[in-house]
$ cat my_file35.cif   # mmCIF, N, CA and C atoms and all ligand atoms
data_my_file
#
loop_
_atom_site.label_atom_id
_atom_site.label_comp_id
_atom_site.auth_asym_id
_atom_site.auth_seq_id
_atom_site.Cartn_x
_atom_site.Cartn_y
_atom_site.Cartn_z
N MET A 1 53.16 -147.38 -242.58
CA MET A 1 53.55 -148.76 -242.89
C MET A 1 54.32 -148.79 -244.22
N ASN A 2 55.40 -149.56 -244.26
CA ASN A 2 56.11 -149.70 -245.54
C ASN A 2 55.77 -151.07 -246.17
N PRO A 3 56.19 -151.28 -247.43
CA PRO A 3 55.79 -152.52 -248.11
C PRO A 3 56.20 -153.79 -247.35
N LYS A 4 57.39 -153.76 -246.72
CA LYS A 4 57.85 -154.96 -246.00
C LYS A 4 56.96 -155.23 -244.78
N GLN A 5 56.55 -154.17 -244.11
CA GLN A 5 55.65 -154.35 -242.96
C GLN A 5 54.30 -154.92 -243.42
N LEU A 6 53.87 -154.48 -244.60
CA LEU A 6 52.63 -155.02 -245.16
C LEU A 6 52.81 -156.50 -245.46
N ALA A 7 53.96 -156.84 -246.05
CA ALA A 7 54.25 -158.25 -246.35
C ALA A 7 54.25 -159.07 -245.06
N LYS A 8 54.85 -158.50 -244.01
CA LYS A 8 54.91 -159.21 -242.72
C LYS A 8 53.49 -159.53 -242.22
N GLN A 9 52.57 -158.60 -242.45
CA GLN A 9 51.20 -158.80 -241.98
C GLN A 9 50.40 -159.79 -242.83
N VAL A 10 50.57 -159.71 -244.15
CA VAL A 10 49.63 -160.47 -244.98
C VAL A 10 50.25 -161.49 -245.95
N CYS A 11 51.57 -161.45 -246.16
CA CYS A 11 52.13 -162.38 -247.15
C CYS A 11 52.36 -163.77 -246.54
N ALA A 12 51.82 -164.78 -247.20
CA ALA A 12 51.95 -166.15 -246.72
C ALA A 12 53.39 -166.66 -246.84
N ASN A 13 54.20 -165.98 -247.64
CA ASN A 13 55.59 -166.39 -247.81
C ASN A 13 56.53 -165.79 -246.78
N TYR A 14 56.05 -164.85 -246.01
CA TYR A 14 56.91 -164.13 -245.07
C TYR A 14 57.12 -164.95 -243.81
N SER A 15 58.39 -165.21 -243.49
CA SER A 15 58.67 -165.97 -242.26
C SER A 15 59.90 -165.37 -241.59
N ASN A 16 59.68 -164.60 -240.52
CA ASN A 16 60.77 -163.93 -239.79
C ASN A 16 61.68 -163.11 -240.71
N GLY A 17 61.09 -162.41 -241.64
CA GLY A 17 61.87 -161.55 -242.54
C GLY A 17 62.42 -162.28 -243.75
N ILE A 18 62.27 -163.60 -243.77
CA ILE A 18 62.80 -164.40 -244.89
C ILE A 18 61.63 -164.89 -245.74
N CYS A 19 61.88 -164.96 -247.06
CA CYS A 19 60.82 -165.39 -247.99
C CYS A 19 60.88 -166.90 -248.23
N ILE A 20 59.74 -167.54 -248.11
CA ILE A 20 59.68 -168.99 -248.37
C ILE A 20 59.67 -169.25 -249.88
N GLY A 21 59.18 -168.26 -250.63
CA GLY A 21 59.30 -168.32 -252.09
C GLY A 21 58.28 -169.15 -252.84
N VAL A 22 57.14 -169.45 -252.22
CA VAL A 22 56.13 -170.25 -252.92
C VAL A 22 55.35 -169.33 -253.87
N GLN A 23 55.26 -169.72 -255.11
CA GLN A 23 54.46 -168.97 -256.09
C GLN A 23 53.23 -169.78 -256.47
N ILE A 24 52.14 -169.10 -256.71
CA ILE A 24 50.90 -169.80 -257.08
C ILE A 24 50.51 -169.40 -258.49
N GLU A 25 50.24 -170.41 -259.31
CA GLU A 25 49.82 -170.14 -260.69
C GLU A 25 48.31 -169.95 -260.75
N LYS A 26 47.81 -169.53 -261.93
CA LYS A 26 46.37 -169.32 -262.08
C LYS A 26 45.58 -170.60 -261.86
N ASP A 27 46.16 -171.76 -262.22
CA ASP A 27 45.46 -173.04 -262.01
C ASP A 27 45.68 -173.58 -260.60
N LEU A 28 46.23 -172.72 -259.72
CA LEU A 28 46.48 -173.02 -258.30
C LEU A 28 47.64 -173.99 -258.07
N SER A 29 48.36 -174.34 -259.13
CA SER A 29 49.56 -175.16 -258.91
C SER A 29 50.62 -174.27 -258.27
N GLN A 30 51.54 -174.88 -257.55
CA GLN A 30 52.54 -174.11 -256.81
C GLN A 30 53.95 -174.57 -257.19
N TYR A 31 54.88 -173.65 -257.07
CA TYR A 31 56.30 -174.00 -257.27
C TYR A 31 57.15 -173.06 -256.42
N ILE A 32 58.39 -173.43 -256.22
CA ILE A 32 59.29 -172.58 -255.44
C ILE A 32 60.05 -171.66 -256.39
N ASP A 33 59.95 -170.37 -256.13
CA ASP A 33 60.65 -169.38 -256.92
C ASP A 33 62.05 -169.20 -256.34
N LEU A 34 63.05 -169.67 -257.06
CA LEU A 34 64.41 -169.64 -256.51
C LEU A 34 64.98 -168.23 -256.40
N GLU A 35 64.37 -167.31 -257.12
CA GLU A 35 64.78 -165.89 -257.00
C GLU A 35 64.45 -165.35 -255.61
N LEU A 36 63.36 -165.87 -255.04
CA LEU A 36 62.87 -165.37 -253.74
C LEU A 36 63.26 -166.29 -252.58
N TYR A 37 63.32 -167.58 -252.86
CA TYR A 37 63.47 -168.60 -251.80
C TYR A 37 64.65 -168.35 -250.86
N ASN A 38 64.33 -168.33 -249.57
CA ASN A 38 65.34 -168.24 -248.51
C ASN A 38 66.14 -166.94 -248.51
N LYS A 39 65.56 -165.91 -249.14
CA LYS A 39 66.24 -164.61 -249.14
C LYS A 39 65.39 -163.63 -248.34
N PRO A 40 66.01 -162.54 -247.82
CA PRO A 40 65.20 -161.57 -247.08
C PRO A 40 64.11 -160.98 -247.98
N CYS A 41 62.94 -160.73 -247.38
CA CYS A 41 61.84 -160.12 -248.13
C CYS A 41 62.34 -158.80 -248.72
N CYS A 42 62.15 -158.65 -250.02
CA CYS A 42 62.82 -157.56 -250.74
C CYS A 42 61.92 -156.38 -251.10
N VAL A 43 60.65 -156.41 -250.73
CA VAL A 43 59.69 -155.45 -251.30
C VAL A 43 59.94 -153.97 -250.98
N ASN A 44 60.83 -153.68 -250.02
CA ASN A 44 61.14 -152.27 -249.79
C ASN A 44 62.10 -151.74 -250.85
N GLU A 45 62.79 -152.64 -251.53
CA GLU A 45 63.78 -152.21 -252.52
C GLU A 45 63.51 -152.74 -253.92
N LYS A 46 62.97 -153.95 -254.01
CA LYS A 46 62.84 -154.60 -255.32
C LYS A 46 61.41 -155.06 -255.59
N ARG A 47 61.07 -155.19 -256.86
CA ARG A 47 59.72 -155.68 -257.21
C ARG A 47 59.61 -157.17 -256.89
N CYS A 48 58.42 -157.57 -256.48
CA CYS A 48 58.16 -158.98 -256.19
C CYS A 48 56.86 -159.35 -256.90
N SER A 49 56.92 -160.35 -257.77
CA SER A 49 55.73 -160.67 -258.56
C SER A 49 54.60 -161.19 -257.67
N TYR A 50 54.94 -161.93 -256.62
CA TYR A 50 53.91 -162.44 -255.70
C TYR A 50 53.19 -161.27 -255.03
N PHE A 51 53.97 -160.30 -254.59
CA PHE A 51 53.41 -159.12 -253.93
C PHE A 51 52.44 -158.40 -254.89
N GLU A 52 52.84 -158.29 -256.15
CA GLU A 52 52.01 -157.57 -257.12
C GLU A 52 50.77 -158.37 -257.54
N ARG A 53 50.93 -159.69 -257.66
CA ARG A 53 49.80 -160.51 -258.13
C ARG A 53 48.82 -160.84 -257.01
N ILE A 54 49.33 -161.05 -255.80
CA ILE A 54 48.46 -161.53 -254.72
C ILE A 54 48.17 -160.44 -253.67
N ILE A 55 49.20 -159.76 -253.20
CA ILE A 55 49.02 -158.84 -252.07
C ILE A 55 48.32 -157.54 -252.48
N LEU A 56 48.75 -156.95 -253.60
CA LEU A 56 48.12 -155.68 -254.00
C LEU A 56 46.61 -155.84 -254.26
N PRO A 57 46.17 -156.85 -255.01
CA PRO A 57 44.71 -157.02 -255.18
C PRO A 57 44.01 -157.33 -253.86
N LEU A 58 44.71 -158.03 -252.96
CA LEU A 58 44.13 -158.36 -251.65
C LEU A 58 43.82 -157.08 -250.87
N VAL A 59 44.76 -156.14 -250.92
CA VAL A 59 44.54 -154.86 -250.22
C VAL A 59 43.34 -154.13 -250.84
N GLU A 60 43.25 -154.17 -252.18
CA GLU A 60 42.12 -153.52 -252.85
C GLU A 60 40.79 -154.12 -252.44
N MET A 61 40.80 -155.42 -252.18
CA MET A 61 39.55 -156.10 -251.83
C MET A 61 39.19 -155.93 -250.35
N SER A 62 40.19 -155.59 -249.53
CA SER A 62 39.95 -155.52 -248.07
C SER A 62 39.33 -154.19 -247.67
N LYS A 63 38.19 -153.88 -248.21
CA LYS A 63 37.59 -152.56 -248.00
C LYS A 63 37.19 -152.32 -246.54
N GLU A 64 36.94 -153.38 -245.79
CA GLU A 64 36.48 -153.23 -244.40
C GLU A 64 37.62 -153.40 -243.39
N HIS A 65 38.84 -153.64 -243.86
CA HIS A 65 39.95 -153.92 -242.94
C HIS A 65 40.24 -152.71 -242.05
N PRO A 66 40.37 -152.91 -240.71
CA PRO A 66 40.58 -151.78 -239.82
C PRO A 66 41.90 -151.05 -240.07
N ASN A 67 42.85 -151.72 -240.69
CA ASN A 67 44.16 -151.12 -240.94
C ASN A 67 44.32 -150.68 -242.39
N LEU A 68 43.20 -150.49 -243.08
CA LEU A 68 43.24 -150.25 -244.53
C LEU A 68 44.07 -149.02 -244.91
N TYR A 69 43.95 -147.94 -244.15
CA TYR A 69 44.66 -146.71 -244.50
C TYR A 69 46.17 -146.96 -244.53
N ALA A 70 46.69 -147.61 -243.48
CA ALA A 70 48.13 -147.89 -243.42
C ALA A 70 48.54 -148.85 -244.54
N MET A 71 47.68 -149.82 -244.83
CA MET A 71 48.00 -150.78 -245.89
C MET A 71 48.06 -150.08 -247.24
N LYS A 72 47.13 -149.15 -247.47
CA LYS A 72 47.12 -148.42 -248.75
C LYS A 72 48.37 -147.54 -248.87
N LYS A 73 48.82 -147.01 -247.74
CA LYS A 73 50.04 -146.19 -247.75
C LYS A 73 51.24 -147.04 -248.18
N ALA A 74 51.27 -148.26 -247.66
CA ALA A 74 52.36 -149.17 -248.03
C ALA A 74 52.30 -149.48 -249.52
N VAL A 75 51.09 -149.65 -250.05
CA VAL A 75 50.93 -149.93 -251.48
C VAL A 75 51.44 -148.74 -252.30
N THR A 76 51.06 -147.52 -251.88
CA THR A 76 51.50 -146.31 -252.60
C THR A 76 53.03 -146.21 -252.57
N LYS A 77 53.63 -146.50 -251.41
CA LYS A 77 55.10 -146.46 -251.31
C LYS A 77 55.72 -147.45 -252.28
N TYR A 78 55.14 -148.64 -252.34
CA TYR A 78 55.67 -149.67 -253.24
C TYR A 78 55.56 -149.19 -254.70
N GLU A 79 54.38 -148.66 -255.03
CA GLU A 79 54.15 -148.23 -256.43
C GLU A 79 55.06 -147.08 -256.83
N THR A 80 55.29 -146.13 -255.91
CA THR A 80 56.10 -144.96 -256.28
C THR A 80 57.59 -145.22 -256.13
N LYS A 81 58.01 -145.79 -254.99
CA LYS A 81 59.45 -145.95 -254.74
C LYS A 81 60.04 -147.19 -255.40
N VAL A 82 59.30 -148.28 -255.42
CA VAL A 82 59.87 -149.53 -255.95
C VAL A 82 59.56 -149.69 -257.44
N ILE A 83 58.28 -149.53 -257.80
CA ILE A 83 57.95 -149.66 -259.23
C ILE A 83 58.36 -148.40 -260.00
N GLY A 84 58.30 -147.24 -259.29
CA GLY A 84 58.72 -146.00 -259.94
C GLY A 84 57.59 -145.27 -260.63
N LEU A 85 56.33 -145.57 -260.23
CA LEU A 85 55.20 -144.86 -260.83
C LEU A 85 55.08 -143.47 -260.21
N SER A 86 54.62 -142.53 -260.99
CA SER A 86 54.47 -141.17 -260.48
C SER A 86 53.25 -141.08 -259.56
N LYS A 87 53.37 -140.29 -258.48
CA LYS A 87 52.26 -140.14 -257.55
C LYS A 87 51.05 -139.50 -258.22
N SER A 88 51.35 -138.63 -259.22
CA SER A 88 50.27 -137.91 -259.88
C SER A 88 49.62 -138.74 -261.00
N LEU A 89 50.11 -139.98 -261.14
CA LEU A 89 49.56 -140.84 -262.18
C LEU A 89 48.06 -141.04 -261.98
N ARG A 90 47.32 -141.02 -263.06
CA ARG A 90 45.87 -141.17 -262.92
C ARG A 90 45.51 -142.58 -262.46
N ARG A 91 44.52 -142.61 -261.57
CA ARG A 91 44.08 -143.88 -261.01
C ARG A 91 42.64 -144.15 -261.39
N CYS A 92 42.30 -145.42 -261.47
CA CYS A 92 40.92 -145.81 -261.73
C CYS A 92 40.07 -145.41 -260.53
N LYS A 93 38.93 -144.81 -260.78
CA LYS A 93 38.06 -144.35 -259.69
C LYS A 93 37.45 -145.51 -258.90
N GLU A 94 37.41 -146.69 -259.51
CA GLU A 94 36.79 -147.84 -258.85
C GLU A 94 37.81 -148.62 -258.03
N CYS A 95 38.85 -149.13 -258.68
CA CYS A 95 39.79 -150.00 -257.97
C CYS A 95 40.99 -149.23 -257.41
N LYS A 96 41.12 -147.95 -257.80
CA LYS A 96 42.18 -147.05 -257.31
C LYS A 96 43.58 -147.46 -257.77
N ARG A 97 43.67 -148.37 -258.72
CA ARG A 97 44.99 -148.79 -259.19
C ARG A 97 45.51 -147.80 -260.22
N PRO A 98 46.84 -147.58 -260.27
CA PRO A 98 47.38 -146.66 -261.27
C PRO A 98 47.04 -147.14 -262.68
N SER A 99 46.49 -146.25 -263.49
CA SER A 99 46.08 -146.65 -264.84
C SER A 99 46.60 -145.65 -265.86
N PRO A 100 47.86 -145.84 -266.28
CA PRO A 100 48.45 -144.88 -267.21
C PRO A 100 47.72 -144.78 -268.53
N GLU A 101 46.93 -145.82 -268.86
CA GLU A 101 46.23 -145.82 -270.15
C GLU A 101 44.98 -144.95 -270.16
N LEU A 102 44.59 -144.41 -268.97
CA LEU A 102 43.37 -143.61 -268.89
C LEU A 102 43.47 -142.32 -269.70
N LYS A 103 42.43 -142.07 -270.50
CA LYS A 103 42.41 -140.81 -271.24
C LYS A 103 41.78 -139.74 -270.35
N ALA A 104 41.86 -138.48 -270.76
CA ALA A 104 41.39 -137.37 -269.93
C ALA A 104 39.94 -137.52 -269.50
N ASN A 105 39.11 -138.07 -270.40
CA ASN A 105 37.68 -138.16 -270.07
C ASN A 105 37.28 -139.52 -269.50
N GLU A 106 38.26 -140.38 -269.21
CA GLU A 106 37.94 -141.71 -268.70
C GLU A 106 38.17 -141.79 -267.19
N MET A 107 37.31 -142.54 -266.50
CA MET A 107 37.45 -142.66 -265.05
C MET A 107 37.83 -144.06 -264.59
N PHE A 108 37.50 -145.06 -265.41
CA PHE A 108 37.69 -146.45 -264.95
C PHE A 108 38.64 -147.22 -265.85
N CYS A 109 39.40 -148.11 -265.24
CA CYS A 109 40.33 -148.94 -266.02
C CYS A 109 39.52 -149.95 -266.85
N VAL A 110 40.19 -150.60 -267.78
CA VAL A 110 39.51 -151.51 -268.71
C VAL A 110 38.73 -152.59 -267.95
N LYS A 111 39.37 -153.16 -266.91
CA LYS A 111 38.74 -154.25 -266.15
C LYS A 111 37.48 -153.75 -265.44
N CYS A 112 37.60 -152.61 -264.76
CA CYS A 112 36.44 -152.09 -264.02
C CYS A 112 35.34 -151.64 -264.98
N LYS A 113 35.75 -151.09 -266.14
CA LYS A 113 34.76 -150.65 -267.13
C LYS A 113 33.93 -151.85 -267.57
N ARG A 114 34.62 -152.97 -267.86
CA ARG A 114 33.94 -154.18 -268.31
C ARG A 114 32.98 -154.67 -267.21
N LEU A 115 33.46 -154.67 -265.96
CA LEU A 115 32.62 -155.14 -264.85
C LEU A 115 31.41 -154.24 -264.65
N ARG A 116 31.59 -152.94 -264.83
CA ARG A 116 30.48 -152.00 -264.65
C ARG A 116 29.42 -152.21 -265.74
N VAL A 117 29.89 -152.45 -266.98
CA VAL A 117 28.93 -152.69 -268.07
C VAL A 117 28.12 -153.95 -267.78
N LEU A 118 28.83 -155.01 -267.35
CA LEU A 118 28.14 -156.27 -267.03
C LEU A 118 27.12 -156.06 -265.91
N LYS A 119 27.54 -155.32 -264.89
CA LYS A 119 26.67 -155.06 -263.74
C LYS A 119 25.42 -154.30 -264.18
N SER A 120 25.60 -153.30 -265.01
CA SER A 120 24.44 -152.51 -265.42
C SER A 120 23.53 -153.33 -266.36
N LYS A 121 24.14 -154.22 -267.18
CA LYS A 121 23.31 -155.09 -268.04
C LYS A 121 22.48 -156.02 -267.19
N ARG A 122 23.13 -156.59 -266.14
CA ARG A 122 22.40 -157.51 -265.25
C ARG A 122 21.26 -156.79 -264.55
N LYS A 123 21.54 -155.54 -264.11
CA LYS A 123 20.53 -154.75 -263.39
C LYS A 123 19.35 -154.48 -264.34
N TYR A 124 19.68 -154.09 -265.58
CA TYR A 124 18.63 -153.80 -266.56
C TYR A 124 17.78 -155.05 -266.80
N TYR A 125 18.48 -156.20 -266.93
CA TYR A 125 17.76 -157.46 -267.17
C TYR A 125 16.83 -157.80 -266.01
N ARG A 126 17.38 -157.64 -264.77
CA ARG A 126 16.56 -157.94 -263.59
C ARG A 126 15.31 -157.07 -263.54
N GLU A 127 15.51 -155.77 -263.80
CA GLU A 127 14.39 -154.82 -263.69
C GLU A 127 13.38 -154.97 -264.82
N ASN A 128 13.84 -155.48 -266.00
CA ASN A 128 12.93 -155.56 -267.15
C ASN A 128 12.74 -156.99 -267.63
N LYS A 129 12.94 -157.94 -266.72
CA LYS A 129 12.91 -159.36 -267.09
C LYS A 129 11.62 -159.74 -267.82
N GLU A 130 10.48 -159.33 -267.23
CA GLU A 130 9.18 -159.70 -267.81
C GLU A 130 9.05 -159.21 -269.25
N THR A 131 9.33 -157.93 -269.46
CA THR A 131 9.21 -157.35 -270.80
C THR A 131 10.13 -158.04 -271.79
N ILE A 132 11.37 -158.29 -271.38
CA ILE A 132 12.35 -158.93 -272.27
C ILE A 132 11.87 -160.33 -272.65
N LEU A 133 11.41 -161.10 -271.66
CA LEU A 133 10.94 -162.46 -271.93
C LEU A 133 9.72 -162.45 -272.84
N LYS A 134 8.82 -161.46 -272.61
CA LYS A 134 7.62 -161.33 -273.43
C LYS A 134 7.99 -161.07 -274.89
N LYS A 135 8.95 -160.14 -275.08
CA LYS A 135 9.40 -159.80 -276.43
C LYS A 135 9.99 -161.02 -277.12
N ARG A 136 10.81 -161.79 -276.36
CA ARG A 136 11.44 -163.00 -276.91
C ARG A 136 10.38 -164.00 -277.33
N ARG A 137 9.37 -164.19 -276.48
CA ARG A 137 8.30 -165.15 -276.78
C ARG A 137 7.58 -164.74 -278.07
N CYS A 138 7.24 -163.43 -278.17
CA CYS A 138 6.55 -162.93 -279.36
C CYS A 138 7.39 -163.19 -280.59
N HIS A 139 8.70 -162.92 -280.48
CA HIS A 139 9.61 -163.10 -281.61
C HIS A 139 9.63 -164.57 -282.04
N LEU A 140 9.72 -165.48 -281.03
CA LEU A 140 9.76 -166.90 -281.33
C LEU A 140 8.47 -167.38 -282.00
N GLU A 141 7.35 -166.82 -281.58
CA GLU A 141 6.07 -167.23 -282.16
C GLU A 141 5.96 -166.81 -283.62
N LYS A 142 6.64 -165.67 -283.96
CA LYS A 142 6.58 -165.19 -285.35
C LYS A 142 7.48 -166.02 -286.27
N VAL A 143 8.54 -166.64 -285.69
CA VAL A 143 9.47 -167.41 -286.51
C VAL A 143 8.76 -168.65 -287.03
N PRO A 144 8.76 -168.86 -288.36
CA PRO A 144 8.00 -170.01 -288.93
C PRO A 144 8.68 -171.34 -288.59
S1 LIG A 201 59.60 -161.21 -251.18
FE1 LIG A 201 57.48 -161.13 -251.92
S2 LIG A 201 56.70 -163.22 -251.65
FE2 LIG A 201 58.56 -163.04 -250.43
S3 LIG A 201 57.87 -162.51 -248.38
FE3 LIG A 201 58.33 -160.59 -249.44
S4 LIG A 201 56.39 -159.98 -250.38
FE4 LIG A 201 56.17 -162.10 -249.78
ZN ZN A 202 39.81 -150.27 -262.03
#
$ encode --input "my_file35.cif" --output "structure tokens"
Amino acid sequence: MNPKQLAKQVCANYSNGICIGVQIEKDLSQYIDLELYNKPCCVNEKRCSYFERIILPLVEMSKEHPNLYAMKKAVTKYETKVIGLSKSLRRCKECKRPSPELKANEMFCVKCKRLRVLKSKRKYYRENKETILKKRRCHLEKVP
């Protein structure tokens, strides 16, 4: 599968090979991107911000999708041929996204690292809730 075929399958802007050009902001407001509007879907040759902001994370989240392997291939083609990232570029072990900032001894990108720390803190809290609450109560009782 190539990036355009992926767009055909999952991009809400794709209509018979032509881009409708709707962009969505973080606050969910929408506007028409005149760079994209009414032009052929360009992702086999050019970068598309919608594709990068919406479609690439969507593929990462679709862990159970029956066509995941082909979709990931399309993502790799986009990253290497269109964005120009090296295939040997180090990737985050969790989200599999290219992470050029990774040092030799690091496995996870900044975002995944933060999420993993939060997850482990929550797990620790759940498992030791009673002890933590007891300690807090004792501390509060000592405060004059
Ligand atoms: S150019 Fe981008 S937004 Fe438009 S159809 Fe293709 S992938 Fe979707
Ligand atoms: Zn990551």
$ closest_residue --input "my_file35.cif" --among "A:Phe108, A:Tyr50, A:Tyr78, A:Tyr125" --to "ligand ZN 202 (chain A)" --atoms "only N, CA and C atoms and all ligand atoms"
A:Phe108
$ select_by_dssp --input "my_file35.cif" --residues "chain A" --states "strand (DSSP E)" --output "PyMOL selection string"
chain A and resi 14-15+18-19+22-24+30-32
$ residues_near_ligand --input "my_file35.cif" --ligand "ligand LIG 201 (chain A)" --cutoff "8 Å" --atoms "only C-alpha atoms and all ligand atoms" --output "list in words"
Pro3, Lys4, Ala7, Lys8, Cys11, Ala12, Asn13, Tyr14, Ser15, Gly17, Ile18, Cys19, Ile20, Gly21, Val22, Gln23, Leu36, Tyr37, Lys39, Pro40, Cys41, Cys42, Val43, Arg47, Cys48, Ser49, Tyr50, Phe51 and Ile55 of chain A
$ residues_near_ligand --input "my_file35.cif" --ligand "ligand ZN 202 (chain A)" --cutoff "8 Å" --atoms "only C-alpha atoms and all ligand atoms" --output "MDAnalysis selection string"
chainID A and resid 91:97 99 108:113
$ residues_around --input "my_file35.cif" --residues "range 69-76 of chain A" --least-positions-apart "6" --cutoff "7 Å" --atoms "all atoms listed in the file" --output "VMD selection string"
chain A and resid 1 to 4 6 56 59
$ axis_aligned_box --input "my_file35.cif" --around "range 47-65 of chain A" --padding-each-side "6 Å" --output "AutoDock Vina command-line options"
--center_x 48.8 --center_y -157.4 --center_z -250.3 --size_x 36.6 --size_y 22.1 --size_z 28.5
$ atom_distance --input "my_file35.cif" --atom1 "atom C of Lys81 in chain A" --atom2 "atom C of Glu45 in chain A"
6.7 Å
$ atom_distance --input "my_file35.cif" --atom1 "CA of Gly84 in chain A" --atom2 "CA of Arg53 in chain A"
17.1 Å
$ atom_distance --input "my_file35.cif" --atom1 "CA of Leu133 in chain A" --atom2 "CA of Arg114 in chain A"
24.7 Å
$ closest_residue --input "my_file35.cif" --among "A:Val10, A:Leu34, A:Ile24, A:Arg90" --to "Ser62 in chain A" --atoms "only C-alpha atoms"
A:Val10
$ closest_residue --input "my_file35.cif" --among "A:Lys135, A:Gln9, A:Gln30, A:Lys119" --to "Asn67 in chain A" --atoms "only C-alpha atoms"
A:Gln9
$ select_by_dssp --input "my_file35.cif" --residues "chain A" --states "helix (DSSP H, G or I)" --output "PyMOL selection string"
chain A and resi 3-10+49-61+68-83+110-127+129-142
